[in-house]
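The next block is start29.csv, given as CSV, C-alpha atoms.
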chain,number,residue,atom,x,y,z
A,1084,MET,CA,0.0,0.0,0.0
A,1085,HIS,CA,2.8,2.4,0.9
A,1086,LEU,CA,4.6,1.8,-2.4
A,1087,GLU,CA,1.3,2.1,-4.3
A,1088,ARG,CA,0.7,5.6,-2.8
A,1089,LEU,CA,4.2,6.7,-3.6
A,1090,THR,CA,3.8,5.5,-7.2
A,1091,PHE,CA,0.5,7.3,-7.5
A,1092,ILE,CA,1.9,10.6,-6.4
A,1093,LEU,CA,4.7,10.3,-9.0
A,1094,GLU,CA,2.2,9.6,-11.7
A,1095,VAL,CA,0.1,12.6,-10.9
A,1096,VAL,CA,3.1,15.0,-10.7
A,1097,GLY,CA,4.7,13.5,-13.8
A,1098,GLN,CA,1.5,14.0,-15.8
A,1099,LYS,CA,0.8,17.5,-14.6
A,1100,GLY,CA,4.4,18.6,-14.9
A,1101,GLU,CA,4.1,20.4,-11.5
A,1102,ALA,CA,1.7,19.8,-8.7
A,1103,THR,CA,0.9,20.9,-5.2
A,1104,VAL,CA,0.0,18.6,-2.3
A,1105,ALA,CA,-3.6,19.9,-2.6
A,1106,GLU,CA,-3.7,18.9,-6.3
A,1107,ILE,CA,-2.3,15.5,-5.4
A,1108,CYS,CA,-5.1,15.1,-2.8
A,1109,ALA,CA,-7.7,16.2,-5.3
A,1110,HIS,CA,-6.8,13.2,-7.5
A,1111,SER,CA,-6.7,10.6,-4.7
A,1112,ASP,CA,-8.2,9.7,-1.4
A,1113,LEU,CA,-5.1,10.6,0.5
A,1114,PRO,CA,-5.5,12.9,3.5
A,1115,LYS,CA,-3.3,16.0,3.2
A,1116,PRO,CA,-1.0,15.1,6.1
A,1117,SER,CA,-0.2,11.7,4.6
A,1118,ALA,CA,0.2,13.2,1.1
A,1119,TYR,CA,2.6,15.8,2.5
A,1120,ARG,CA,4.7,13.2,4.3
A,1121,LEU,CA,4.9,11.0,1.3
A,1122,VAL,CA,5.9,13.9,-0.9
A,1123,GLN,CA,8.7,14.8,1.5
A,1124,ASP,CA,9.9,11.2,1.4
A,1125,LEU,CA,10.1,11.4,-2.4
A,1126,VAL,CA,11.9,14.7,-2.3
A,1127,SER,CA,14.5,13.3,0.2
A,1128,VAL,CA,15.6,10.6,-2.3
A,1129,GLY,CA,15.5,12.8,-5.4
A,1130,LEU,CA,12.4,11.4,-7.1
A,1131,LEU,CA,10.6,14.8,-6.6
A,1132,GLU,CA,12.0,18.2,-6.2
A,1133,PRO,CA,10.4,21.6,-5.1
A,1134,VAL,CA,9.9,24.1,-7.8
A,1135,THR,CA,8.4,26.9,-5.7
A,1136,ARG,CA,7.1,26.8,-2.1
A,1137,GLY,CA,4.5,24.0,-2.0
A,1138,THR,CA,4.9,23.0,-5.7
A,1139,PHE,CA,6.8,19.9,-6.8
A,1140,SER,CA,8.0,18.4,-10.1
A,1141,ILE,CA,9.7,15.2,-11.1
A,1142,GLY,CA,13.2,15.1,-9.6
A,1143,SER,CA,16.4,14.9,-11.6
A,1144,ARG,CA,17.1,11.4,-10.3
A,1145,LEU,CA,13.8,10.0,-11.7
A,1146,LYS,CA,14.3,11.9,-15.0
A,1147,ARG,CA,17.7,10.2,-15.4
A,1148,ILE,CA,16.0,6.8,-14.8
A,1149,THR,CA,13.2,7.2,-17.2
A,1150,GLN,CA,14.8,9.5,-19.8
A,1151,SER,CA,11.3,10.6,-21.0
A,1152,ASP,CA,8.8,13.4,-20.4
A,1153,HIS,CA,5.1,12.6,-20.5
A,1154,SER,CA,4.0,15.8,-18.7
A,1155,ASP,CA,1.0,17.7,-20.0
A,1156,ARG,CA,3.3,20.4,-21.3
A,1157,ALA,CA,5.6,18.1,-23.2
A,1158,LEU,CA,2.7,16.2,-24.8
A,1159,LEU,CA,0.9,19.4,-25.9
A,1160,GLU,CA,3.9,20.5,-27.8
A,1161,VAL,CA,3.3,17.6,-30.1
A,1162,ILE,CA,-0.5,17.1,-29.8
A,1163,ALA,CA,-1.9,20.6,-29.7
A,1164,PRO,CA,-1.0,21.5,-33.3
A,1165,ALA,CA,-2.6,18.4,-34.6
A,1166,LEU,CA,-5.8,19.1,-32.6
A,1167,LYS,CA,-5.9,22.7,-33.9
A,1168,LYS,CA,-5.6,21.6,-37.5
A,1169,ALA,CA,-8.4,19.1,-37.0
A,1170,ALA,CA,-10.6,21.7,-35.2
A,1171,THR,CA,-10.2,24.1,-38.1
A,1172,GLN,CA,-10.8,21.4,-40.7
A,1173,TYR,CA,-14.0,20.0,-39.1
A,1174,GLY,CA,-15.3,23.1,-37.4
A,1175,ALA,CA,-15.6,21.4,-34.0
A,1176,ALA,CA,-13.7,21.5,-30.7
A,1177,PHE,CA,-11.0,18.9,-30.3
A,1178,PHE,CA,-9.7,17.8,-27.0
A,1179,LEU,CA,-6.9,15.8,-25.3
A,1180,SER,CA,-7.7,13.6,-22.2
A,1181,ARG,CA,-5.6,11.5,-20.0
A,1182,LEU,CA,-6.0,9.2,-17.0
A,1183,ARG,CA,-5.1,10.6,-13.7
A,1184,GLY,CA,-5.4,8.2,-10.8
A,1185,LYS,CA,-8.7,6.3,-11.5
A,1186,SER,CA,-10.5,9.1,-13.5
A,1187,VAL,CA,-10.1,10.6,-17.0
A,1188,GLU,CA,-9.8,14.3,-17.4
A,1189,ILE,CA,-10.0,16.6,-20.4
A,1190,ILE,CA,-6.9,18.6,-20.0
A,1191,HIS,CA,-6.8,20.7,-23.3
A,1192,VAL,CA,-9.2,21.9,-25.9
A,1193,GLU,CA,-8.5,23.4,-29.3
A,1194,THR,CA,-11.3,25.3,-31.0
A,1195,PRO,CA,-11.8,26.3,-34.7
A,1196,ASP,CA,-10.9,29.9,-35.6
A,1197,THR,CA,-13.0,30.0,-38.8
A,1198,GLY,CA,-16.0,31.7,-37.2
A,1199,VAL,CA,-18.2,28.6,-37.2
A,1200,SER,CA,-20.5,27.7,-34.3
A,1201,TYR,CA,-19.2,24.9,-32.1
A,1202,LEU,CA,-19.7,23.4,-28.6
A,1203,HIS,CA,-16.9,23.5,-26.1
A,1204,PRO,CA,-16.7,20.3,-24.0
A,1205,GLY,CA,-15.0,22.0,-21.1
A,1206,LEU,CA,-12.1,20.8,-19.0
A,1207,GLY,CA,-12.0,18.4,-16.0
A,1208,LYS,CA,-13.0,14.9,-14.9
A,1209,ARG,CA,-15.4,12.7,-16.9
A,1210,PRO,CA,-17.2,9.6,-15.7
A,1211,LEU,CA,-15.7,6.3,-17.1
A,1212,HIS,CA,-19.1,5.1,-18.3
A,1213,ALA,CA,-20.6,8.2,-19.9
A,1214,CYS,CA,-18.1,10.1,-22.0
A,1215,SER,CA,-16.2,9.1,-25.1
A,1216,CYS,CA,-12.9,10.4,-23.8
A,1217,SER,CA,-13.2,8.1,-20.8
A,1218,LYS,CA,-14.6,5.1,-22.5
A,1219,ALA,CA,-11.8,5.2,-25.1
A,1220,VAL,CA,-9.4,4.8,-22.3
A,1221,ALA,CA,-11.3,2.3,-20.1
A,1222,ALA,CA,-11.8,0.0,-23.1
A,1223,PHE,CA,-8.1,-0.5,-23.4
A,1224,LEU,CA,-7.0,-0.7,-19.8
A,1225,PRO,CA,-8.3,-3.9,-18.1
A,1226,GLU,CA,-7.8,-2.5,-14.6
A,1227,LEU,CA,-10.4,0.2,-15.3
A,1228,LEU,CA,-13.1,-2.1,-16.7
A,1229,LEU,CA,-16.2,-2.0,-14.6
A,1230,THR,CA,-17.1,-4.9,-12.4
A,1231,SER,CA,-20.3,-6.5,-11.1
A,1232,ASP,CA,-20.0,-4.8,-7.7
A,1233,MET,CA,-20.6,-1.4,-9.5
A,1234,GLU,CA,-24.0,-2.4,-10.7
A,1235,GLY,CA,-26.6,0.1,-9.4
A,1236,ARG,CA,-23.9,2.7,-8.5
A,1237,LEU,CA,-23.4,4.2,-12.0
A,1238,ARG,CA,-25.1,7.5,-12.3
A,1239,ALA,CA,-27.6,8.1,-15.1
A,1240,TYR,CA,-26.9,11.6,-16.4
A,1241,THR,CA,-29.6,11.4,-19.1
A,1242,GLU,CA,-32.0,8.7,-20.2
A,1243,PHE,CA,-29.3,7.6,-22.7
A,1244,THR,CA,-26.6,6.9,-20.1
A,1245,LEU,CA,-25.6,3.2,-19.9
A,1246,THR,CA,-25.7,2.1,-16.3
A,1247,ASN,CA,-25.8,-1.7,-16.8
A,1248,VAL,CA,-22.3,-3.3,-16.4
A,1249,ASN,CA,-23.0,-5.9,-19.1
A,1250,ASP,CA,-24.1,-3.3,-21.6
A,1251,LEU,CA,-20.9,-1.3,-20.9
A,1252,GLU,CA,-18.7,-4.3,-21.3
A,1253,ALA,CA,-20.3,-5.0,-24.7
A,1254,GLU,CA,-19.7,-1.4,-25.7
A,1255,PHE,CA,-16.0,-1.6,-24.6
A,1256,GLU,CA,-15.6,-4.6,-26.9
A,1257,THR,CA,-17.1,-2.6,-29.7
A,1258,ILE,CA,-14.7,0.3,-29.0
A,1259,ARG,CA,-11.7,-2.1,-29.1
A,1260,ASN,CA,-12.9,-3.6,-32.4
A,1261,ARG,CA,-13.5,-0.3,-34.3
A,1262,GLY,CA,-10.8,1.8,-32.5
A,1263,PHE,CA,-12.9,4.7,-31.2
A,1264,ALA,CA,-15.7,5.5,-28.7
A,1265,GLU,CA,-18.9,7.5,-29.0
A,1266,CYS,CA,-21.0,9.5,-26.6
A,1267,VAL,CA,-24.4,10.4,-27.8
A,1268,GLU,CA,-26.3,12.5,-25.3
A,1269,GLU,CA,-25.1,10.3,-22.5
A,1270,ILE,CA,-23.7,13.0,-20.2
A,1271,GLU,CA,-25.7,16.0,-21.5
A,1272,ARG,CA,-28.7,16.3,-23.8
A,1273,GLY,CA,-27.8,17.6,-27.2
A,1274,LEU,CA,-24.1,16.9,-26.8
A,1275,CYS,CA,-22.2,14.2,-28.7
A,1276,SER,CA,-18.5,13.3,-28.8
A,1277,VAL,CA,-16.1,10.9,-30.5
A,1278,ALA,CA,-12.7,9.9,-29.1
A,1279,ALA,CA,-9.9,7.4,-29.7
A,1280,PRO,CA,-7.0,6.3,-27.5
A,1281,LEU,CA,-3.6,7.5,-28.6
A,1282,ALA,CA,-2.5,3.9,-28.7
A,1283,PRO,CA,-4.1,0.5,-27.8
A,1284,SER,CA,-1.3,-0.2,-25.3
A,1285,GLY,CA,1.6,1.5,-23.6
A,1286,PRO,CA,1.5,5.2,-22.4
A,1287,GLY,CA,-0.9,6.1,-25.2
A,1288,ALA,CA,-3.6,3.8,-23.8
A,1289,ALA,CA,-4.0,6.1,-20.9
A,1290,MET,CA,-4.8,9.1,-23.1
A,1291,SER,CA,-7.4,9.9,-25.7
A,1292,ILE,CA,-8.1,12.6,-28.3
A,1293,GLY,CA,-11.5,13.4,-29.6
A,1294,ALA,CA,-14.1,16.0,-30.8
A,1295,ALA,CA,-17.4,17.3,-29.4
A,1296,GLY,CA,-20.4,18.8,-31.1
A,1297,SER,CA,-24.2,19.0,-31.2
A,1298,VAL,CA,-26.3,16.0,-32.0
A,1299,ARG,CA,-27.5,17.9,-35.0
A,1300,VAL,CA,-24.0,18.1,-36.6
A,1301,PHE,CA,-22.7,14.8,-35.2
A,1302,THR,CA,-24.9,12.5,-37.1
A,1303,PRO,CA,-24.2,8.7,-37.1
A,1304,THR,CA,-22.6,9.0,-40.5
A,1305,PHE,CA,-20.5,12.0,-39.4
A,1306,ARG,CA,-19.4,10.3,-36.2
A,1307,ASP,CA,-18.3,7.1,-38.0
A,1308,LYS,CA,-16.3,9.2,-40.5
A,1309,LEU,CA,-14.8,11.4,-37.7
A,1310,GLY,CA,-14.0,8.5,-35.4
A,1311,THR,CA,-12.0,6.8,-38.1
A,1312,ARG,CA,-10.2,10.1,-38.8
A,1313,ILE,CA,-9.5,10.7,-35.1
A,1314,ALA,CA,-8.0,7.2,-34.8
A,1315,ARG,CA,-5.6,8.0,-37.6
A,1316,ILE,CA,-4.6,11.2,-36.0
A,1317,ALA,CA,-3.9,9.3,-32.8
A,1318,GLN,CA,-1.6,6.9,-34.7
A,1319,ASP,CA,0.3,9.9,-36.3
A,1320,VAL,CA,0.6,11.6,-32.9
A,1321,SER,CA,1.9,8.4,-31.3
A,1322,ALA,CA,4.5,8.0,-34.0
A,1323,ASN,CA,5.6,11.6,-33.5
A,1324,LEU,CA,6.0,10.9,-29.8
A,1325,GLY,CA,8.2,7.9,-30.6
A,1326,TRP,CA,5.7,5.3,-29.3
A,1327,VAL,CA,5.6,2.0,-31.2
A,1328,VAL,CA,2.0,1.4,-32.3
A,1329,ALA,CA,0.7,-1.6,-34.1
A,1330,ALA,CA,-1.1,-0.4,-37.2
A,1331,ASP,CA,-4.8,-1.2,-37.4
A,1332,ALA,CA,-5.5,-2.7,-40.8
A,1333,LYS,CA,-9.0,-1.1,-40.8
A,1334,LEU,CA,-7.5,2.3,-40.4
A,1335,SER,CA,-4.5,2.0,-42.7
A,1336,GLY,CA,-6.5,1.0,-45.7

Could I get this structure in the form of structure tokens?
Amino acid sequence: MHLERLTFILEVVGQKGEATVAEICAHSDLPKPSAYRLVQDLVSVGLLEPVTRGTFSIGSRLKRITQSDHSDRALLEVIAPALKKAATQYGAAFFLSRLRGKSVEIIHVETPDTGVSYLHPGLGKRPLHACSCSKAVAAFLPELLLTSDMEGRLRAYTEFTLTNVNDLEAEFETIRNRGFAECVEEIERGLCSVAAPLAPSGPGAAMSIGAAGSVRVFTPTFRDKLGTRIARIAQDVSANLGWVVAADAKLSG
């Protein structure tokens, strides 16, 4: 348990680039005194280092071990331009999401600058069972798949929200087969979204990119076309990040 808590703190700080103890607590069930004590333990061995008073980043010792940077800032340098290009092309808001702890968050949104009307999905946490950005991640990470003990505890945000575990498991299988997830008015009436994981495995499986729009614009035909396109963008982004991704025959044709 102690090692799991230390690892979790490193994951949160590594993803955010910099984090306070309060932010670490917001993404976990750790009480503030425990989180502070664990952070100090990590600082003492060089795995974290203070940036300013109360704010910490990954320490130089850990950087030397991993020789990689998957912080939000580093990822956005590669991903944001691709999202901006897609937003302008499709006239819709495109987003980047990633797993933090046991929830998925939208951490960045690019919007079209062509004067078209669009819906902004907003930033922050999304439920695993009722948003395309979350389902695209949950479908490829077995440890996040919903279990029978969650039956009856999944919130219905609208009448279209799936709350039956068996139905959700069937949808996750569909997502794995076609490579992208959909959300059709499941979290908010009138709002649709489509998202794909950056990769089916490795670090990319904990992140997704997608687009959001109105149900009027995001028709079934448009969502199918856009989902395939987003999955291809995800492959390109993963390649630019140096991640080895197995090409999907359905998407490379």

- Message: Using Å and a single decimal, report how far CA of Arg1088 (chain A) sits from CA of His1110 (chain A).
- Response: 11.7 Å

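With all atoms listed in the file as the atoms that count, the minimum distance from Thr1194 (chain A) to the choices A:Ala1165, A:Ala1221, A:Leu1211, A:Leu1130 is reached by A:Ala1165.
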
- Message: Show me, as a PyMOL selection string, the residues that have an atom within 6 Å of region 1176-1188 of chain A when counting all atoms listed in the file, minus same-chain residues fewer than 6 positions from it.
- Response: chain A and resi 1166+1170+1194+1203+1207-1209+1217+1289-1295

What does the file look like for those residues with C-alpha atoms, as a PDB file, in the coordinates of the input?
ATOM      1  CA  LEU A1166      -5.800  19.100 -32.600  1.00  0.00           C
ATOM      2  CA  ALA A1170     -10.600  21.700 -35.200  1.00  0.00           C
ATOM      3  CA  THR A1194     -11.300  25.300 -31.000  1.00  0.00           C
ATOM      4  CA  HIS A1203     -16.900  23.500 -26.100  1.00  0.00           C
ATOM      5  CA  GLY A1207     -12.000  18.400 -16.000  1.00  0.00           C
ATOM      6  CA  LYS A1208     -13.000  14.900 -14.900  1.00  0.00           C
ATOM      7  CA  ARG A1209     -15.400  12.700 -16.900  1.00  0.00           C
ATOM      8  CA  SER A1217     -13.200   8.100 -20.800  1.00  0.00           C
ATOM      9  CA  ALA A1289      -4.000   6.100 -20.900  1.00  0.00           C
ATOM     10  CA  MET A1290      -4.800   9.100 -23.100  1.00  0.00           C
ATOM     11  CA  SER A1291      -7.400   9.900 -25.700  1.00  0.00           C
ATOM     12  CA  ILE A1292      -8.100  12.600 -28.300  1.00  0.00           C
ATOM     13  CA  GLY A1293     -11.500  13.400 -29.600  1.00  0.00           C
ATOM     14  CA  ALA A1294     -14.100  16.000 -30.800  1.00  0.00           C
ATOM     15  CA  ALA A1295     -17.400  17.300 -29.400  1.00  0.00           C
TER      16      ALA A1295
END

- Could you please determine the separation between CA of Leu1206 (chain A) and CA of Cys1275 (chain A) in Å, to one decimal place?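 Taking CA of Leu1206 (chain A) as the start and CA of Cys1275 (chain A) as the end point, the length is 15.5 Å.
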
- Task: Would you mind telling me which residue in A:Ser1276, A:Ser1200, A:Thr1311, A:Ser1117 lies nearest to Gly1296 (chain A) when using only C-alpha atoms?
- Result: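 The closest residue to Gly1296 (chain A) is A:Ser1276.
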
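Closest approach to Val1300 (chain A) among A:Leu1237, A:Cys1216, A:Val1134, A:Val1267 is made by A:Val1267 (distances from only C-alpha atoms).
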
- Message: Would you compute the distance between CA of Thr1103 (chain A) and CA of Ile1141 (chain A)? Give it in Å to one decimal.
- Response: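 Computed distance, CA of Thr1103 (chain A) to CA of Ile1141 (chain A), equals 12.0 Å.
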
- Item | Top pick for closest residue to Asp1319 (chain A), considering A:Ala1264, A:Ile1162, A:Cys1214, A:Val1126 and counting only C-alpha atoms |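 With only C-alpha atoms as the atom set, the closest residue is A:Ile1162.
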
- Given only C-alpha atoms as the counted atoms, nearest of A:Cys1108, A:Ile1316, A:Thr1304, A:Leu1324 to Leu1159 (chain A):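 Among the listed residues, A:Leu1324 lies closest to Leu1159 (chain A).
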